[in-house]
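S.K.: Below you will find the structure I want to go over with you.
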Amino acid sequence: MRAFFSSGLVVLATALASPAYAQITTAEALAAKKITRLEPISPWNIDYGDNRCRLARVFGSDDERHLVSFVQSAPRAGCNLTIAGRYIRPYTTSRKSYLGMRDNAPMRQLERAGIGEVAGFGPAIILSSFSLARTEAEEAADEASKLRYAGVDPSKAETANSVTLALGKLALTFETAALKPALEALNTCTRSMLTEWGLDPEEHESYRPPRLTHTKELAKAVGRKYPREALRRRQSGVFQMRLIVEADGTVSNCHLEQNTIADSLNSPACQIAMAVAEMEPAEDANGKPLRSFYATTITYSMNP
């Protein structure tokens with residue numbers, strides 16, 4: 001089996017390629033496709049959980065309920081995104097499905113999306129880490145500046161106004177209207193997490209995140225400790241791991257949140273990370289070492 005570590009849009013494990021993007025933007029897809037539009041039938045609901053923040057809304061009709069749900073276990077650019085409902089089914093069976101949320105940004109190919117069912121809604125597309133796609137100008141700006149915002153980037157949320165799937169001549173769009181207020185509520189929830197962890201939210205509005213210096217080695221170590229019963233059952237799974245990284249680079253705490261249900265899959269990632277993780281500490285906007293957090297998605301996947 002394999003264990004993959006990912007963070008936001010940048011996939012850190014070399015066994016996976018970077019996300020693929022369509023040549024068209026969300027606005028261009030909506031102009032050229034046969035579109036099914038779903039209106040909201042509920043307000044956005046924000047759930048402050050013990051170790052996660054969940055933002056969800058129901059679309060469609062009482063007879064054809066569809067769900068859009070964003071979940072974060074730490075303030076980061078990427079979210080766990082679930083889209084569920086009957087009209088989702090065609091997009092779960094093709095690697096040529098694309099997803100977009102911003103009119104002027106390229107759509108992202110759903111080549112590694114999980115497929116499942118959500119009770120009360122039906123078939124689902126599940127993305128363990130989805131970020132608002134970047135334009136070329138934003139990619140250049142991000143590359144020039146190593147500083148990041150802990151949470152969904154407000155500048156990118158400014159232009160997010162739908163959740164749209166595209167496949168061939170088909171498109172399905174959830175009429176969210178402006179997503180910025182909802183994503184700001186999600187950021188407020190995750191900022192409260194920083195306070196609970198003893199970290200300063202203001203210092204994390206512009207900072208350089210800590211860096212794991214040996215991602216491949218740690219992923220291999222976690223993979224080698226795959227529980228035997230889970231291996232026998234060929235169970236896969238997705239976990240969210242959070243480390244507290246001190247200003248000197250040492251790891252002082254680890255928390256693991258399981259996103260998928262697999263009774264035999266109890267990951268030893270925290271024990272391994274606490275023992276062997278080598279980190280470069282975070283830095284504040286002035287380059288001073290900063291006590292911070294490192295969050296990543298761990299995906300267990302059986303070799304084909």
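Following the order of the structure tokens, first chain is A, next is B, and so on, with residues numbered from 1 inside each chain and ligands from 1 in the order they appear.
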Would you list the contacts of Glu278 in chain A as a list in words, taking every protein, DNA or RNA residue within 9 Å and counting only C-alpha atoms, but skipping same-chain residues closer than 6 positions in sequence?
M.R.: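 Neighbouring residues, sequence-local ones excluded: Arg211, Leu212, Thr213, His214, Gly249, Thr250 and Val251 of chain A.
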S.K.: Would you list, as an MDAnalysis selection string, the residues of range 160-239 of chain A that end up in helix (DSSP H, G or I) under DSSP run on this structure's backbone?
M.R.: chainID A and resid 180:196 202:204 215:224 228:232
S.K.: Keeping only N, CA and C atoms, write the selected residues as a CSV table (one decimal), in the first residue's frame.
M.R.:
chain,number,residue,atom,x,y,z
A,180,LYS,N,-17.9,34.4,-0.6
A,180,LYS,CA,-17.0,35.1,0.4
A,180,LYS,C,-17.5,35.1,1.8
A,181,PRO,N,-18.8,35.5,2.0
A,181,PRO,CA,-19.3,35.6,3.4
A,181,PRO,C,-19.3,34.2,4.1
A,182,ALA,N,-19.6,33.1,3.3
A,182,ALA,CA,-19.6,31.8,3.9
A,182,ALA,C,-18.2,31.3,4.2
A,183,LEU,N,-17.3,31.6,3.3
A,183,LEU,CA,-15.9,31.2,3.5
A,183,LEU,C,-15.2,32.0,4.6
A,184,GLU,N,-15.6,33.3,4.8
A,184,GLU,CA,-15.2,34.1,5.9
A,184,GLU,C,-15.6,33.5,7.2
A,185,ALA,N,-16.9,32.9,7.2
A,185,ALA,CA,-17.4,32.3,8.5
A,185,ALA,C,-16.6,31.0,8.8
A,186,LEU,N,-16.2,30.3,7.7
A,186,LEU,CA,-15.3,29.2,7.9
A,186,LEU,C,-13.9,29.6,8.5
A,187,ASN,N,-13.4,30.7,8.0
A,187,ASN,CA,-12.1,31.2,8.5
A,187,ASN,C,-12.3,31.6,10.0
A,188,THR,N,-13.4,32.2,10.3
A,188,THR,CA,-13.6,32.6,11.7
A,188,THR,C,-13.6,31.4,12.6
A,189,CYS,N,-14.2,30.3,12.2
A,189,CYS,CA,-14.2,29.1,12.9
A,189,CYS,C,-12.8,28.5,13.1
A,190,THR,N,-12.0,28.5,12.0
A,190,THR,CA,-10.7,27.9,12.1
A,190,THR,C,-9.7,28.8,12.9
A,191,ARG,N,-9.9,30.1,12.8
A,191,ARG,CA,-9.1,31.1,13.6
A,191,ARG,C,-9.3,30.8,15.1
A,192,SER,N,-10.5,30.4,15.5
A,192,SER,CA,-10.8,30.0,16.9
A,192,SER,C,-10.0,28.8,17.3
A,193,MET,N,-9.7,27.9,16.3
A,193,MET,CA,-8.9,26.7,16.6
A,193,MET,C,-7.5,27.2,17.0
A,194,LEU,N,-6.9,28.2,16.2
A,194,LEU,CA,-5.6,28.6,16.5
A,194,LEU,C,-5.5,29.1,18.0
A,195,THR,N,-6.5,29.8,18.4
A,195,THR,CA,-6.5,30.3,19.8
A,195,THR,C,-6.6,29.2,20.8
A,196,GLU,N,-7.4,28.1,20.5
A,196,GLU,CA,-7.4,27.0,21.3
A,196,GLU,C,-6.1,26.2,21.4
A,202,GLU,N,-3.5,36.5,14.6
A,202,GLU,CA,-3.0,37.7,13.9
A,202,GLU,C,-1.6,37.4,13.2
A,203,GLU,N,-0.8,36.7,13.9
A,203,GLU,CA,0.6,36.4,13.4
A,203,GLU,C,0.4,35.4,12.2
A,204,HIS,N,-0.7,34.7,12.1
A,204,HIS,CA,-0.9,33.8,11.0
A,204,HIS,C,-1.7,34.4,9.8
A,215,THR,N,9.4,14.6,3.5
A,215,THR,CA,8.0,14.1,3.3
A,215,THR,C,8.0,12.6,2.8
A,216,LYS,N,8.8,12.3,1.8
A,216,LYS,CA,8.8,11.0,1.2
A,216,LYS,C,9.1,9.9,2.2
A,217,GLU,N,10.2,10.2,3.0
A,217,GLU,CA,10.6,9.2,4.0
A,217,GLU,C,9.5,9.0,5.1
A,218,LEU,N,8.9,10.1,5.5
A,218,LEU,CA,7.8,9.9,6.5
A,218,LEU,C,6.6,9.2,6.0
A,219,ALA,N,6.3,9.5,4.7
A,219,ALA,CA,5.1,8.8,4.1
A,219,ALA,C,5.4,7.3,4.0
A,220,LYS,N,6.7,6.9,3.6
A,220,LYS,CA,7.0,5.5,3.5
A,220,LYS,C,7.0,4.9,4.9
A,221,ALA,N,7.4,5.6,5.9
A,221,ALA,CA,7.4,5.0,7.3
A,221,ALA,C,6.0,4.7,7.7
A,222,VAL,N,5.1,5.7,7.4
A,222,VAL,CA,3.7,5.5,7.8
A,222,VAL,C,3.1,4.3,7.0
A,223,GLY,N,3.4,4.2,5.7
A,223,GLY,CA,2.9,3.2,4.9
A,223,GLY,C,3.4,1.8,5.4
A,224,ARG,N,4.6,1.7,5.9
A,224,ARG,CA,5.1,0.4,6.3
A,224,ARG,C,4.4,-0.1,7.6
A,228,ARG,N,-2.3,-4.6,9.8
A,228,ARG,CA,-2.4,-5.9,9.1
A,228,ARG,C,-3.9,-6.2,8.7
A,229,GLU,N,-4.8,-6.0,9.7
A,229,GLU,CA,-6.2,-6.3,9.4
A,229,GLU,C,-6.8,-5.4,8.3
A,230,ALA,N,-6.4,-4.1,8.3
A,230,ALA,CA,-6.8,-3.2,7.2
A,230,ALA,C,-6.2,-3.6,5.9
A,231,LEU,N,-5.0,-4.1,5.9
A,231,LEU,CA,-4.3,-4.6,4.7
A,231,LEU,C,-5.0,-5.8,4.1
A,232,ARG,N,-5.4,-6.7,5.0
A,232,ARG,CA,-6.1,-7.9,4.6
A,232,ARG,C,-7.4,-7.6,4.0
S.K.: Pick out the residues sitting within 10 Å of range 53-58 of chain A, and hand them over as a ChimeraX atom specification; count only C-alpha atoms, and ignore anything fewer than 2 positions along from it in its own chain.
M.R.: /A:38-51,60-62,64-75,79-85,121,174,176,182-183,185-190,192-193
S.K.: Hey, can you check how far CA of Ala29 in chain A sits from CA of Arg89 in chain A?
M.R.: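 Interatomic distance here is 18.9 Å.
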S.K.: Which residues come within 9 Å of Gly168 in chain A, counting only C-alpha atoms, excluding same-chain residues fewer than 5 positions away, as an mmCIF file with N, CA, C and O atoms, in the first residue's frame?
M.R.:
data_model
loop_
_atom_site.group_PDB
_atom_site.id
_atom_site.type_symbol
_atom_site.label_atom_id
_atom_site.label_comp_id
_atom_site.auth_asym_id
_atom_site.auth_seq_id
_atom_site.Cartn_x
_atom_site.Cartn_y
_atom_site.Cartn_z
ATOM 1 N N LYS A 33 -21.786 25.045 -22.092
ATOM 2 C CA LYS A 33 -22.311 23.732 -21.717
ATOM 3 C C LYS A 33 -23.838 23.715 -21.654
ATOM 4 O O LYS A 33 -24.508 24.747 -21.604
ATOM 5 N N LYS A 96 -12.629 12.759 -16.590
ATOM 6 C CA LYS A 96 -12.630 14.011 -17.338
ATOM 7 C C LYS A 96 -13.612 15.023 -16.766
ATOM 8 O O LYS A 96 -14.002 15.970 -17.446
ATOM 9 N N SER A 97 -14.017 14.817 -15.521
ATOM 10 C CA SER A 97 -14.867 15.781 -14.842
ATOM 11 C C SER A 97 -14.010 16.904 -14.272
ATOM 12 O O SER A 97 -12.883 16.668 -13.809
#
S.K.: Could you tell me how far CA of Ser94 in chain A sits from CA of Gln109 in chain A, in Å to one decimal place?
M.R.: 10.2 Å
S.K.: For the contact check between range 46-86 of chain A and range 136-149 of chain A, emit one row per residue of range 46-86 of chain A within 12 Å, containing the shortest atom pair and the distance in Å rounded to one decimal, counting only C-alpha atoms, chain then rising number order, as CSV.
M.R.:
residue,atom,partner,partner_atom,distance
A:Pro75,CA,A:Tyr149,CA,8.8
A:Arg76,CA,A:Tyr149,CA,7.7
A:Ala77,CA,A:Tyr149,CA,7.8
A:Gly78,CA,A:Tyr149,CA,11.5
S.K.: From the list A:Ala160, A:Ala273, A:Leu256, A:Leu110, which residue is nearest Ala27 in chain A when using only C-alpha atoms?
M.R.: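 Among the listed residues, the smallest separation from Ala27 in chain A belongs to A:Ala160.
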S.K.: Do you have the CA of Glu246 in chain A-CA of Arg291 in chain A distance handy?
M.R.: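 Straight-line distance from CA of Glu246 in chain A to CA of Arg291 in chain A works out to 4.5 Å.
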